[in-house]
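Engineer: Handing over work.cif, mmCIF, C-alpha atoms and all ligand atoms.
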data_target
loop_
_atom_site.label_atom_id
_atom_site.label_comp_id
_atom_site.auth_asym_id
_atom_site.auth_seq_id
_atom_site.Cartn_x
_atom_site.Cartn_y
_atom_site.Cartn_z
CA MET K 1476 0.00 0.00 0.00
CA THR K 1477 1.44 3.44 -0.90
CA ASP K 1478 0.81 6.94 0.32
CA ARG K 1479 0.17 9.07 -2.79
CA ASP K 1480 1.37 12.34 -1.27
CA ASP K 1481 4.68 10.87 -0.15
CA PRO K 1482 7.74 10.54 -2.41
CA LEU K 1483 8.68 7.33 -0.61
CA MET K 1484 6.83 4.08 -1.18
CA ILE K 1485 5.18 3.61 2.20
CA HIS K 1486 4.02 0.14 3.23
CA ASP K 1487 0.94 0.01 5.42
CA VAL K 1488 2.57 -2.14 8.16
CA ILE K 1489 5.86 -4.07 8.10
CA VAL K 1490 6.14 -7.18 10.26
CA VAL K 1491 9.67 -8.54 10.78
CA GLY K 1492 9.72 -12.32 11.35
CA SER K 1493 7.37 -15.06 10.19
CA GLY K 1494 7.28 -17.25 13.30
CA ILE K 1495 3.94 -17.91 14.98
CA ALA K 1496 3.91 -14.38 16.46
CA GLY K 1497 4.56 -12.58 13.16
CA LEU K 1498 2.06 -14.73 11.28
CA SER K 1499 -0.73 -14.37 13.83
CA LEU K 1500 -0.15 -10.61 13.94
CA ALA K 1501 -0.20 -10.32 10.15
CA GLN K 1502 -3.36 -12.47 9.83
CA GLU K 1503 -5.19 -10.37 12.44
CA LEU K 1504 -4.11 -7.14 10.74
CA ARG K 1505 -5.29 -8.51 7.40
CA ALA K 1506 -8.64 -9.43 8.95
CA GLN K 1507 -8.95 -5.78 10.02
CA GLY K 1508 -8.45 -4.59 6.44
CA ARG K 1509 -4.74 -3.70 6.76
CA ALA K 1510 -2.06 -4.77 4.27
CA PRO K 1511 0.92 -6.11 6.24
CA LEU K 1512 4.17 -7.01 4.52
CA VAL K 1513 6.03 -9.79 6.37
CA LEU K 1514 9.84 -9.94 6.06
CA GLU K 1515 11.56 -13.23 6.87
CA ARG K 1516 15.28 -13.92 6.70
CA ALA K 1517 14.92 -17.71 6.28
CA ARG K 1518 13.90 -19.70 3.20
CA GLY K 1519 10.56 -20.64 4.75
CA VAL K 1520 8.08 -19.45 7.37
CA GLY K 1521 7.71 -20.77 10.92
CA GLY K 1522 10.91 -19.85 12.79
CA ARG K 1523 11.29 -22.23 15.75
CA CYS K 1524 8.10 -24.04 14.68
CA ALA K 1525 10.51 -25.98 12.50
CA THR K 1526 10.34 -29.24 10.53
CA ARG K 1527 13.10 -30.81 8.44
CA ARG K 1528 12.72 -33.64 5.96
CA VAL K 1529 15.03 -36.59 6.39
CA GLU K 1530 14.60 -38.60 3.18
CA ASP K 1531 11.08 -37.26 2.92
CA GLN K 1532 10.15 -38.06 6.51
CA PRO K 1533 9.19 -34.93 8.47
CA VAL K 1534 11.14 -34.38 11.70
CA ASP K 1535 10.31 -31.60 14.17
CA HIS K 1536 13.70 -30.43 15.41
CA GLY K 1537 12.55 -27.28 17.26
CA LEU K 1538 9.15 -27.15 18.97
CA ALA K 1539 8.06 -30.81 19.17
CA PHE K 1540 4.31 -30.26 19.49
CA LEU K 1541 1.88 -27.39 19.84
CA HIS K 1542 0.00 -27.07 23.09
CA GLY K 1543 -2.20 -24.60 24.86
CA ARG K 1544 -5.45 -23.93 26.65
CA SER K 1545 -6.68 -20.47 25.61
CA ALA K 1546 -9.84 -20.42 23.48
CA PRO K 1547 -8.41 -18.27 20.62
CA PHE K 1548 -5.29 -20.43 20.22
CA LEU K 1549 -7.19 -23.72 20.43
CA ALA K 1550 -9.79 -22.46 17.94
CA ARG K 1551 -7.00 -21.49 15.54
CA LEU K 1552 -5.23 -24.86 15.93
CA ALA K 1553 -8.46 -26.77 15.33
CA ALA K 1554 -9.48 -24.65 12.34
CA THR K 1555 -6.02 -24.63 10.79
CA LEU K 1556 -4.99 -28.25 11.34
CA GLY K 1557 -8.30 -30.07 11.00
CA SER K 1558 -7.81 -33.82 10.77
CA ALA K 1559 -4.01 -33.41 10.37
CA GLY K 1560 -3.77 -32.30 14.01
CA ASN K 1561 -2.83 -35.64 15.64
CA ILE K 1562 -4.46 -34.51 18.87
CA GLY K 1563 -3.01 -35.70 22.17
CA TRP K 1564 0.57 -36.55 21.13
CA PRO K 1565 2.63 -37.35 23.15
CA HIS K 1566 0.31 -39.80 24.92
CA ALA K 1567 2.75 -42.12 26.61
CA GLY K 1568 5.67 -40.72 28.56
CA ALA K 1569 8.82 -42.09 30.12
CA GLY K 1570 10.83 -40.32 32.79
CA THR K 1571 9.50 -38.13 35.51
CA GLU K 1572 10.18 -34.52 34.60
CA ALA K 1573 7.59 -32.19 33.07
CA ALA K 1574 7.88 -30.92 29.50
CA PHE K 1575 9.92 -27.77 29.01
CA GLN K 1576 6.70 -25.79 29.17
CA PRO K 1577 5.61 -27.21 32.52
CA ARG K 1578 1.91 -26.85 31.76
CA ALA K 1579 1.94 -28.93 28.56
CA PHE K 1580 0.57 -31.99 30.39
CA ASP K 1581 -1.77 -30.20 32.80
CA GLN K 1582 -5.46 -30.90 32.72
CA GLY K 1583 -7.20 -28.61 30.25
CA GLU K 1584 -4.11 -28.38 28.05
CA TRP K 1585 -4.52 -29.62 24.45
CA ARG K 1586 -1.59 -31.02 22.48
CA TYR K 1587 -1.28 -31.17 18.69
CA ALA K 1588 1.50 -32.80 16.67
CA PRO K 1589 0.55 -32.34 13.00
CA SER K 1590 1.32 -35.43 10.91
CA ASP K 1591 3.16 -33.33 8.32
CA GLY K 1592 5.22 -31.63 11.05
CA VAL K 1593 4.63 -28.62 13.30
CA ASN K 1594 5.82 -26.34 10.50
CA GLY K 1595 2.60 -27.27 8.67
CA PHE K 1596 0.75 -25.08 11.19
CA ALA K 1597 2.94 -22.07 10.31
CA LYS K 1598 2.58 -22.72 6.58
CA ARG K 1599 -1.20 -22.82 6.87
CA LEU K 1600 -1.16 -19.68 9.02
CA ALA K 1601 0.79 -17.89 6.28
CA VAL K 1602 -1.79 -18.55 3.55
CA GLY K 1603 -2.95 -15.29 1.94
CA LEU K 1604 -0.20 -13.18 3.50
CA ASP K 1605 2.39 -11.14 1.63
CA VAL K 1606 5.59 -12.78 2.95
CA ARG K 1607 9.02 -11.94 1.54
CA LEU K 1608 11.40 -14.80 2.28
CA GLU K 1609 15.21 -14.59 2.42
CA THR K 1610 14.90 -10.95 3.42
CA ARG K 1611 16.94 -10.11 6.46
CA VAL K 1612 16.37 -6.76 8.16
CA GLU K 1613 19.77 -5.32 9.08
CA SER K 1614 18.81 -1.98 10.53
CA LEU K 1615 15.84 0.06 11.62
CA GLN K 1616 16.00 3.87 11.81
CA LEU K 1617 13.60 6.77 11.52
CA ALA K 1618 13.90 8.08 7.94
CA ALA K 1619 16.21 11.10 7.64
CA ASP K 1620 14.65 14.34 8.92
CA ARG K 1621 11.32 12.75 9.76
CA GLY K 1622 9.80 11.22 12.84
CA ASP K 1623 6.82 9.64 11.14
CA ILE K 1624 8.41 6.98 8.93
CA TRP K 1625 10.65 4.00 9.67
CA GLU K 1626 13.36 3.00 7.23
CA LEU K 1627 14.37 -0.66 7.23
CA ARG K 1628 17.60 -1.63 5.51
CA ILE K 1629 17.54 -5.13 4.02
CA ASP K 1630 20.59 -7.35 3.47
CA THR K 1631 20.33 -6.71 -0.28
CA GLY K 1632 20.85 -2.99 0.36
CA GLU K 1633 17.20 -2.21 -0.42
CA ARG K 1634 15.35 0.21 1.89
CA LEU K 1635 11.71 -0.25 2.86
CA HIS K 1636 9.49 2.30 4.59
CA SER K 1637 6.44 2.25 6.81
CA ARG K 1638 4.86 4.31 9.59
CA THR K 1639 4.24 1.13 11.55
CA VAL K 1640 6.81 -1.61 12.17
CA ALA K 1641 6.37 -4.72 14.31
CA LEU K 1642 9.37 -6.78 15.40
CA THR K 1643 8.61 -10.44 16.19
CA MET K 1644 12.05 -12.04 16.20
CA PRO K 1645 13.59 -13.71 19.28
CA VAL K 1646 14.31 -11.09 21.96
CA PRO K 1647 18.13 -10.91 21.43
CA SER K 1648 17.58 -10.13 17.71
CA VAL K 1649 14.98 -7.47 18.58
CA LEU K 1650 17.41 -5.92 21.06
CA ALA K 1651 20.21 -5.90 18.46
CA LEU K 1652 18.00 -3.81 16.13
CA VAL K 1653 16.45 -1.39 18.62
CA ARG K 1654 19.74 -0.64 20.38
CA GLN K 1655 21.08 0.72 17.06
CA ILE K 1656 18.28 3.27 16.67
CA ASP K 1657 19.97 6.64 16.52
CA PRO K 1658 19.32 9.03 18.20
CA PRO K 1659 18.19 6.86 21.12
CA HIS K 1660 14.65 8.15 21.78
CA ALA K 1661 13.29 8.36 25.32
CA VAL K 1662 10.53 5.78 24.71
CA LEU K 1663 13.13 3.26 23.56
CA GLY K 1664 14.86 3.25 26.93
CA SER K 1665 11.92 1.68 28.73
CA MET K 1666 11.29 -0.76 25.87
CA ILE K 1667 14.91 -1.91 26.01
CA SER K 1668 14.95 -2.37 29.77
CA SER K 1669 11.70 -4.39 29.62
CA LEU K 1670 13.17 -6.62 26.90
CA GLU K 1671 16.39 -7.08 28.87
CA SER K 1672 14.42 -8.63 31.73
CA ILE K 1673 13.36 -11.58 29.50
CA ARG K 1674 15.78 -14.51 29.89
CA ILE K 1675 16.42 -16.62 26.81
CA LEU K 1676 17.79 -20.16 26.95
CA PRO K 1677 19.63 -22.14 24.26
CA CYS K 1678 18.95 -25.75 23.22
CA LEU K 1679 21.37 -28.05 21.43
CA THR K 1680 19.34 -30.57 19.44
CA VAL K 1681 20.20 -33.82 17.68
CA ILE K 1682 18.11 -35.77 15.17
CA ALA K 1683 19.04 -39.48 15.33
CA ARG K 1684 17.57 -42.02 12.90
CA TYR K 1685 17.91 -45.78 13.40
CA ALA K 1686 18.11 -48.74 11.04
CA ASP K 1687 15.09 -50.93 10.34
CA GLY K 1688 14.82 -53.68 12.93
CA THR K 1689 15.81 -51.45 15.88
CA PRO K 1690 13.31 -52.09 18.70
CA VAL K 1691 10.75 -49.30 18.70
CA PRO K 1692 10.34 -47.60 22.11
CA SER K 1693 6.87 -47.77 23.66
CA TRP K 1694 7.03 -44.14 24.83
CA GLU K 1695 6.43 -41.04 22.72
CA ALA K 1696 8.37 -38.53 24.80
CA SER K 1697 10.79 -38.87 27.68
CA TYR K 1698 11.71 -36.03 30.02
CA SER K 1699 14.54 -36.33 32.56
CA ARG K 1700 15.06 -34.52 35.83
CA ALA K 1701 18.36 -32.67 36.32
CA SER K 1702 19.23 -35.31 38.94
CA GLU K 1703 18.77 -38.05 36.29
CA SER K 1704 20.68 -36.33 33.50
CA ARG K 1705 22.67 -33.11 33.43
CA VAL K 1706 22.95 -33.36 29.66
CA VAL K 1707 19.59 -34.33 28.16
CA GLN K 1708 16.32 -32.58 28.90
CA ALA K 1709 14.04 -34.52 26.58
CA VAL K 1710 14.05 -37.31 24.02
CA LEU K 1711 11.16 -37.13 21.57
CA HIS K 1712 10.17 -40.23 19.67
CA ASP K 1713 9.40 -38.13 16.61
CA SER K 1714 8.53 -40.99 14.25
CA SER K 1715 5.67 -42.07 16.54
CA LYS K 1716 3.78 -38.99 15.24
CA ARG K 1717 3.93 -40.18 11.65
CA ALA K 1718 1.52 -42.41 9.78
CA GLY K 1719 2.62 -45.33 7.58
CA SER K 1720 5.91 -47.09 8.31
CA PRO K 1721 8.29 -44.32 9.25
CA LYS K 1722 11.92 -44.96 10.13
CA LEU K 1723 12.61 -44.76 13.86
CA VAL K 1724 13.70 -41.17 14.58
CA LEU K 1725 14.49 -39.58 17.94
CA VAL K 1726 15.03 -35.89 18.60
CA ILE K 1727 17.32 -35.35 21.58
CA GLN K 1728 17.18 -31.96 23.30
CA GLY K 1729 20.03 -30.79 25.54
CA ARG K 1730 19.35 -29.29 28.95
CA PRO K 1731 19.66 -25.45 28.92
CA GLU K 1732 22.67 -25.34 31.26
CA CYS K 1733 24.50 -28.00 29.24
CA SER K 1734 23.51 -26.32 25.96
CA GLN K 1735 24.86 -23.01 27.25
CA SER K 1736 28.21 -24.46 28.27
CA HIS K 1737 28.72 -26.26 24.92
CA LEU K 1738 27.13 -23.62 22.68
CA HIS K 1739 30.42 -22.66 21.02
CA ASP K 1740 31.90 -26.15 20.82
CA PRO K 1741 32.08 -27.93 17.45
CA PRO K 1742 28.79 -29.80 16.81
CA GLU K 1743 30.53 -33.19 16.67
CA VAL K 1744 31.49 -32.80 20.35
CA TRP K 1745 28.01 -32.21 21.75
CA THR K 1746 26.23 -34.39 19.17
CA ARG K 1747 28.13 -37.46 20.42
CA MET K 1748 27.60 -36.39 24.04
CA LEU K 1749 23.80 -36.15 23.59
CA ILE K 1750 23.61 -39.51 21.81
CA GLU K 1751 25.72 -41.21 24.50
CA GLU K 1752 23.47 -39.76 27.19
CA ALA K 1753 20.30 -40.89 25.40
CA ALA K 1754 21.83 -44.39 25.24
CA ALA K 1755 22.70 -44.29 28.96
CA VAL K 1756 19.07 -43.51 29.79
CA HIS K 1757 17.25 -45.59 27.16
CA GLY K 1758 19.56 -48.45 26.24
CA ASP K 1759 22.53 -49.35 24.04
CA TRP K 1760 20.45 -49.46 20.86
CA ALA K 1761 20.24 -45.63 20.97
CA ARG K 1762 24.05 -45.35 20.65
CA THR K 1763 24.25 -46.27 16.96
CA PRO K 1764 21.98 -44.20 14.73
CA ASP K 1765 22.49 -44.63 10.98
CA PHE K 1766 21.88 -40.93 10.33
CA VAL K 1767 22.53 -37.88 12.52
CA GLN K 1768 21.89 -34.16 12.13
CA SER K 1769 22.34 -31.47 14.74
CA HIS K 1770 21.00 -27.98 15.29
CA ARG K 1771 22.20 -25.26 17.62
CA TRP K 1772 19.25 -23.16 18.82
CA ARG K 1773 20.92 -20.13 20.38
CA ASP K 1774 17.60 -18.58 21.36
CA ALA K 1775 15.36 -21.60 21.87
CA PHE K 1776 12.93 -20.68 24.62
CA VAL K 1777 12.10 -18.06 27.17
CA ASP K 1778 12.91 -19.04 30.74
CA VAL K 1779 9.47 -19.69 32.25
CA GLY K 1780 8.37 -16.82 34.46
CA THR K 1781 10.54 -14.14 32.79
CA GLU K 1782 7.99 -13.34 30.04
CA LEU K 1783 6.40 -9.91 29.92
CA ALA K 1784 2.62 -9.92 30.32
CA ALA K 1785 1.87 -8.30 26.96
CA PRO K 1786 3.44 -6.99 23.75
CA LEU K 1787 5.13 -3.58 23.70
CA VAL K 1788 4.04 -0.67 21.53
CA SER K 1789 5.19 2.96 21.37
CA THR K 1790 4.36 5.96 19.24
CA PHE K 1791 7.36 8.20 18.56
CA ASP K 1792 7.14 12.02 18.55
CA GLY K 1793 6.55 12.34 14.81
CA GLY K 1794 3.93 9.57 14.75
CA ALA K 1795 5.98 6.49 13.77
CA VAL K 1796 4.75 3.40 15.64
CA LEU K 1797 6.93 0.51 16.86
CA GLY K 1798 5.43 -2.72 18.20
CA ILE K 1799 7.18 -5.80 19.61
CA ALA K 1800 5.62 -9.26 19.96
CA GLY K 1801 6.89 -12.83 20.34
CA ASP K 1802 7.04 -15.68 22.83
CA GLY K 1803 8.66 -13.44 25.46
CA LEU K 1804 5.82 -10.94 25.34
CA HIS K 1805 2.83 -12.86 26.65
CA SER K 1806 2.36 -14.55 29.99
CA SER K 1807 1.44 -17.90 28.33
CA GLY K 1808 4.97 -18.26 26.91
CA GLY K 1809 6.00 -20.74 24.20
CA ALA K 1810 4.13 -21.10 20.94
CA GLU K 1811 0.80 -20.25 22.54
CA GLY K 1812 2.29 -17.05 24.00
CA ALA K 1813 3.79 -16.20 20.61
CA TYR K 1814 0.40 -16.61 18.94
CA LEU K 1815 -1.47 -14.60 21.59
CA SER K 1816 1.13 -11.82 21.64
CA GLY K 1817 0.64 -11.38 17.88
CA VAL K 1818 -3.14 -11.15 18.34
CA ALA K 1819 -2.76 -8.68 21.24
CA LEU K 1820 -0.31 -6.51 19.29
CA SER K 1821 -2.67 -6.32 16.30
CA GLU K 1822 -5.39 -4.92 18.56
CA ARG K 1823 -3.02 -2.25 19.87
CA LEU K 1824 -1.62 -1.37 16.47
CA VAL K 1825 -4.95 -0.91 14.67
CA ARG K 1826 -5.92 1.69 17.25
CA ARG K 1827 -2.76 3.67 16.38
CA ILE K 1828 -2.52 3.30 12.60
CA PRO K 1829 -4.34 6.02 10.66
CA ALA K 1830 -7.20 4.45 8.64
C1 LIG T 1 14.11 -27.11 20.76
C2 LIG T 1 12.89 -26.29 21.10
C3 LIG T 1 11.89 -26.82 21.90
C4 LIG T 1 10.76 -26.07 22.23
N1 LIG T 1 9.79 -26.62 23.03
C5 LIG T 1 8.67 -25.92 23.28
C6 LIG T 1 7.59 -26.51 24.02
O1 LIG T 1 7.65 -27.63 24.48
N2 LIG T 1 6.47 -25.76 24.18
C7 LIG T 1 6.34 -24.50 23.69
O2 LIG T 1 5.28 -23.86 23.81
N3 LIG T 1 7.36 -23.91 23.01
C8 LIG T 1 8.50 -24.60 22.81
N4 LIG T 1 9.52 -24.01 22.09
C9 LIG T 1 9.45 -22.57 21.81
C10 LIG T 1 8.55 -22.22 20.63
O3 LIG T 1 9.02 -22.86 19.48
C11 LIG T 1 8.62 -20.70 20.47
O4 LIG T 1 8.16 -20.11 21.69
C12 LIG T 1 7.77 -20.13 19.35
O5 LIG T 1 7.85 -20.92 18.18
C13 LIG T 1 8.29 -18.71 19.10
O6 LIG T 1 7.60 -18.09 18.03
P1 LIG T 1 7.98 -16.60 17.65
O7 LIG T 1 7.14 -16.22 16.49
O8 LIG T 1 7.90 -15.75 18.88
O9 LIG T 1 9.52 -16.59 17.26
P2 LIG T 1 10.33 -17.40 16.11
O10 LIG T 1 9.68 -18.70 15.84
O11 LIG T 1 11.75 -17.39 16.54
O12 LIG T 1 10.15 -16.47 14.81
C14 LIG T 1 10.96 -15.36 14.58
C15 LIG T 1 11.27 -15.28 13.08
O13 LIG T 1 12.03 -14.08 12.85
C16 LIG T 1 12.98 -14.36 11.83
N5 LIG T 1 14.04 -13.35 11.93
C17 LIG T 1 14.96 -13.20 12.93
N6 LIG T 1 15.75 -12.13 12.68
C18 LIG T 1 15.31 -11.59 11.52
C19 LIG T 1 15.71 -10.45 10.74
N7 LIG T 1 16.73 -9.65 11.13
N8 LIG T 1 15.05 -10.16 9.58
C20 LIG T 1 13.99 -10.95 9.18
N9 LIG T 1 13.58 -12.05 9.87
C21 LIG T 1 14.23 -12.35 11.03
C22 LIG T 1 13.45 -15.78 12.16
O14 LIG T 1 14.07 -16.39 11.04
C23 LIG T 1 12.13 -16.44 12.58
O15 LIG T 1 11.48 -17.05 11.48
C24 LIG T 1 10.64 -24.75 21.73
C25 LIG T 1 11.64 -24.22 20.90
C26 LIG T 1 12.76 -24.97 20.59
C27 LIG T 1 13.81 -24.38 19.69
#
Render the structure in this file as structure tokens.
Structural biologist:
Amino acid sequence: MTDRDDPLMIHDVIVVGSGIAGLSLAQELRAQGRAPLVLERARGVGGRCATRRVEDQPVDHGLAFLHGRSAPFLARLAATLGSAGNIGWPHAGAGTEAAFQPRAFDQGEWRYAPSDGVNGFAKRLAVGLDVRLETRVESLQLAADRGDIWELRIDTGERLHSRTVALTMPVPSVLALVRQIDPPHAVLGSMISSLESIRILPCLTVIARYADGTPVPSWEASYSRASESRVVQAVLHDSSKRAGSPKLVLVIQGRPECSQSHLHDPPEVWTRMLIEEAAAVHGDWARTPDFVQSHRWRDAFVDVGTELAAPLVSTFDGGAVLGIAGDGLHSSGGAEGAYLSGVALSERLVRRIPA
């Protein structure tokens, strides 16, 4: 959408990030008649709601399943996933610790593990949106001599403009952008200190696939207490979500403290360590996968209890509006918090954007 009296091409709203927060925000804005442009640095949408294909078999190597209890999120999951939702997974557990999001197994909590992977939820949520992939935002500044328009510099050198910008990346990436805003406006100070109070944890993750004939575990997810393992937080029996005759695939998630201390080590070091630990807990068979892939999530989850209650939004002196949403900006946390923060930010933004 352009503003005819302005020499710059002005987009109605620019949303940075196409994780669950960015997509829910953009869909709500679209439903209110706005024309959001979503910018995403990766090759696909979804962010941490991530699925890889290992010889065509989907494997969820970030968020393992979607869960929540709020009516708007559950309604969206049901409407978006339909019969592909695989409701209830994981059913059978091993180990004694709660899931990373401690409420995931509470009464009243619904769990969904889409058969085509959790990323299928993000892909369906993106339908109808104007999403520009492989577009990394490198800087955000007010346009020269004006306080009403943001200028976003993209990695290609291109510059995009809008009165209203919403940042929905993980908190450290949001902070990296807003700290560069020059001159540092008064309203930014309180935004930055609120964001700095959110604690982000890393997660080293290993996908391990096993040869045909390996005994298939009876459990779907196994969570260990710190006293049981200082290395592994969870082992997800990912292939138990899939229909047909999938190959046995586990996803092993490192404990946050262990992930932090090995974050800068070469992947082969911690990959072997996580596999050895999974074998120590679950049996020797787990020691010899026939295929392994690893992923270093620097900003995996928000430490429970450090989330802000709601998204942030500020109007600058000249009228430019900056909003911030994401899993750290809603008290529900996790994917549900990301979704709800996007919805909440859309309500706040539409009140501030000129019609
Ligand atoms: C291993 C793991 C396990 C998890 N387990 C659970 C769980 O059990 N329960 C639960 O609820 N949650 C869990 N989570 C967390 C959950 O996945 C996240 O809370 C949720 O997906 C966050 O969504 P988001 O939209 O806020 O952020 P993201 O999904 O991170 O989306 C942000 C997007 O911004 C993009 N981006 C970043 N920088 C830029 C830039 N400069 N320009 C353009 N685009 C940019 C990124 O590529 C990304 O697509 C887990 C996460 C991981 C990694």
Engineer: Residues of region 1659-1704 of chain K that approach region 1761-1771 of chain K to 8 Å or less, counting only C-alpha atoms: could you list each one with the shortest pair of atoms and its distance in Å to one decimal, rows by chain and increasing residue number, as CSV?
Structural biologist:
residue,atom,partner,partner_atom,distance
K:Pro1677,CA,K:Arg1771,CA,7.8
K:Cys1678,CA,K:Arg1771,CA,6.5
K:Leu1679,CA,K:Arg1771,CA,4.8
K:Thr1680,CA,K:His1770,CA,5.2
K:Val1681,CA,K:Ser1769,CA,4.3
K:Ile1682,CA,K:Gln1768,CA,5.1
K:Ala1683,CA,K:Val1767,CA,4.8
K:Arg1684,CA,K:Phe1766,CA,5.1
K:Tyr1685,CA,K:Pro1764,CA,4.6
K:Ala1686,CA,K:Asp1765,CA,6.0
Engineer: At what distance in Å, to one decimal, does atom O3 of ligand LIG 1 (chain T) lie from CA of Ser1807 (chain K)?
Structural biologist: 12.7 Å
Engineer: With all atoms listed in the file counted and 8 Å as the cut-off, give the residues of region 1644-1669 of chain K in contact with region 1782-1805 of chain K, each with its shortest interatomic distance in Å and the pair that gives it, as a Markdown table.
Structural biologist:
| residue | atom | partner | partner_atom | distance |
| --- | --- | --- | --- | --- |
| K:Met1644 | CA | K:Gly1801 | CA | 6.7 |
| K:Pro1645 | CA | K:Gly1801 | CA | 6.8 |
| K:Val1646 | CA | K:Gly1803 | CA | 7.0 |
| K:His1660 | CA | K:Phe1791 | CA | 8.0 |
| K:Val1662 | CA | K:Ser1789 | CA | 6.9 |
| K:Met1666 | CA | K:Leu1787 | CA | 7.1 |
| K:Ser1669 | CA | K:Leu1783 | CA | 7.7 |
Engineer: Report the distance between CA of Gly1688 (chain K) and atom C1 of ligand LIG 1 (chain T) in Å, rounded to one decimal place.
Structural biologist: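 A separation of 27.7 Å between them.
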Engineer: Mind pulling up the distance from CA of Arg1599 (chain K) to CA of Arg1826 (chain K)?
Structural biologist: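 Interatomic distance, CA of Arg1826 (chain K) to CA of Arg1599 (chain K): 27.0 Å.
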Engineer: Find the residues around Arg1654 (chain K) up to 12 Å (all atoms listed in the file counted), leave out those fewer than 2 positions away in its own chain, and share them as a list in words.
Structural biologist: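 Surrounding residues, per the criterion: Ser1614, Leu1615, Gln1616, Val1646, Pro1647, Ser1648, Val1649, Leu1650, Ala1651, Leu1652, Ile1656, Asp1657, Pro1658, Pro1659, His1660, Leu1663, Gly1664, Ser1665, Met1666, Ile1667, Ser1668, Leu1670 and Glu1671 of chain K.
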Engineer: Go ahead and save the residues from that selection, with C-alpha atoms, as a compact mmCIF listing (two decimals), keeping the file's coordinate frame.
Structural biologist:
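The resulting out_10.txt:
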# COMPACT_ATOMS: atom_id res chain seq x y z
CA SER K 1614 18.81 -1.98 10.53
CA LEU K 1615 15.84 0.06 11.62
CA GLN K 1616 16.00 3.87 11.81
CA VAL K 1646 14.31 -11.09 21.96
CA PRO K 1647 18.13 -10.91 21.43
CA SER K 1648 17.58 -10.13 17.71
CA VAL K 1649 14.98 -7.47 18.58
CA LEU K 1650 17.41 -5.92 21.06
CA ALA K 1651 20.21 -5.90 18.46
CA LEU K 1652 18.00 -3.81 16.13
CA ILE K 1656 18.28 3.27 16.67
CA ASP K 1657 19.97 6.64 16.52
CA PRO K 1658 19.32 9.03 18.20
CA PRO K 1659 18.19 6.86 21.12
CA HIS K 1660 14.65 8.15 21.78
CA LEU K 1663 13.13 3.26 23.56
CA GLY K 1664 14.86 3.25 26.93
CA SER K 1665 11.92 1.68 28.73
CA MET K 1666 11.29 -0.76 25.87
CA ILE K 1667 14.91 -1.91 26.01
CA SER K 1668 14.95 -2.37 29.77
CA LEU K 1670 13.17 -6.62 26.90
CA GLU K 1671 16.39 -7.08 28.87
Engineer: Given the point (0.8, -0.1, 4.4) in the coordinates of this file, which residues lie within 6 Å, counting all atoms listed in the file, and how would they look as an NGL selection string?
Structural biologist: :K and (1476 or 1486-1488 or 1510)
Engineer: Could you tell me which of K:Gln1655, K:Ser1736, K:Ser1704, K:Ser1499 comes closest to ligand LIG 1 (chain T) if we count all atoms listed in the file?
Structural biologist: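 Answer, going by the shortest atom-to-atom distance: K:Ser1499.
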Engineer: Using all atoms listed in the file, which residues sit within 7 Å of region 1542-1548 of chain K once same-chain residues fewer than 4 positions away are excluded, as a list of chain:residue names?
Structural biologist: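 The neighbour list is K:Leu1552, K:Ala1579, K:Gly1583, K:Glu1584, K:Trp1585, K:Arg1586, K:Tyr1587, K:Glu1811, K:Tyr1814.
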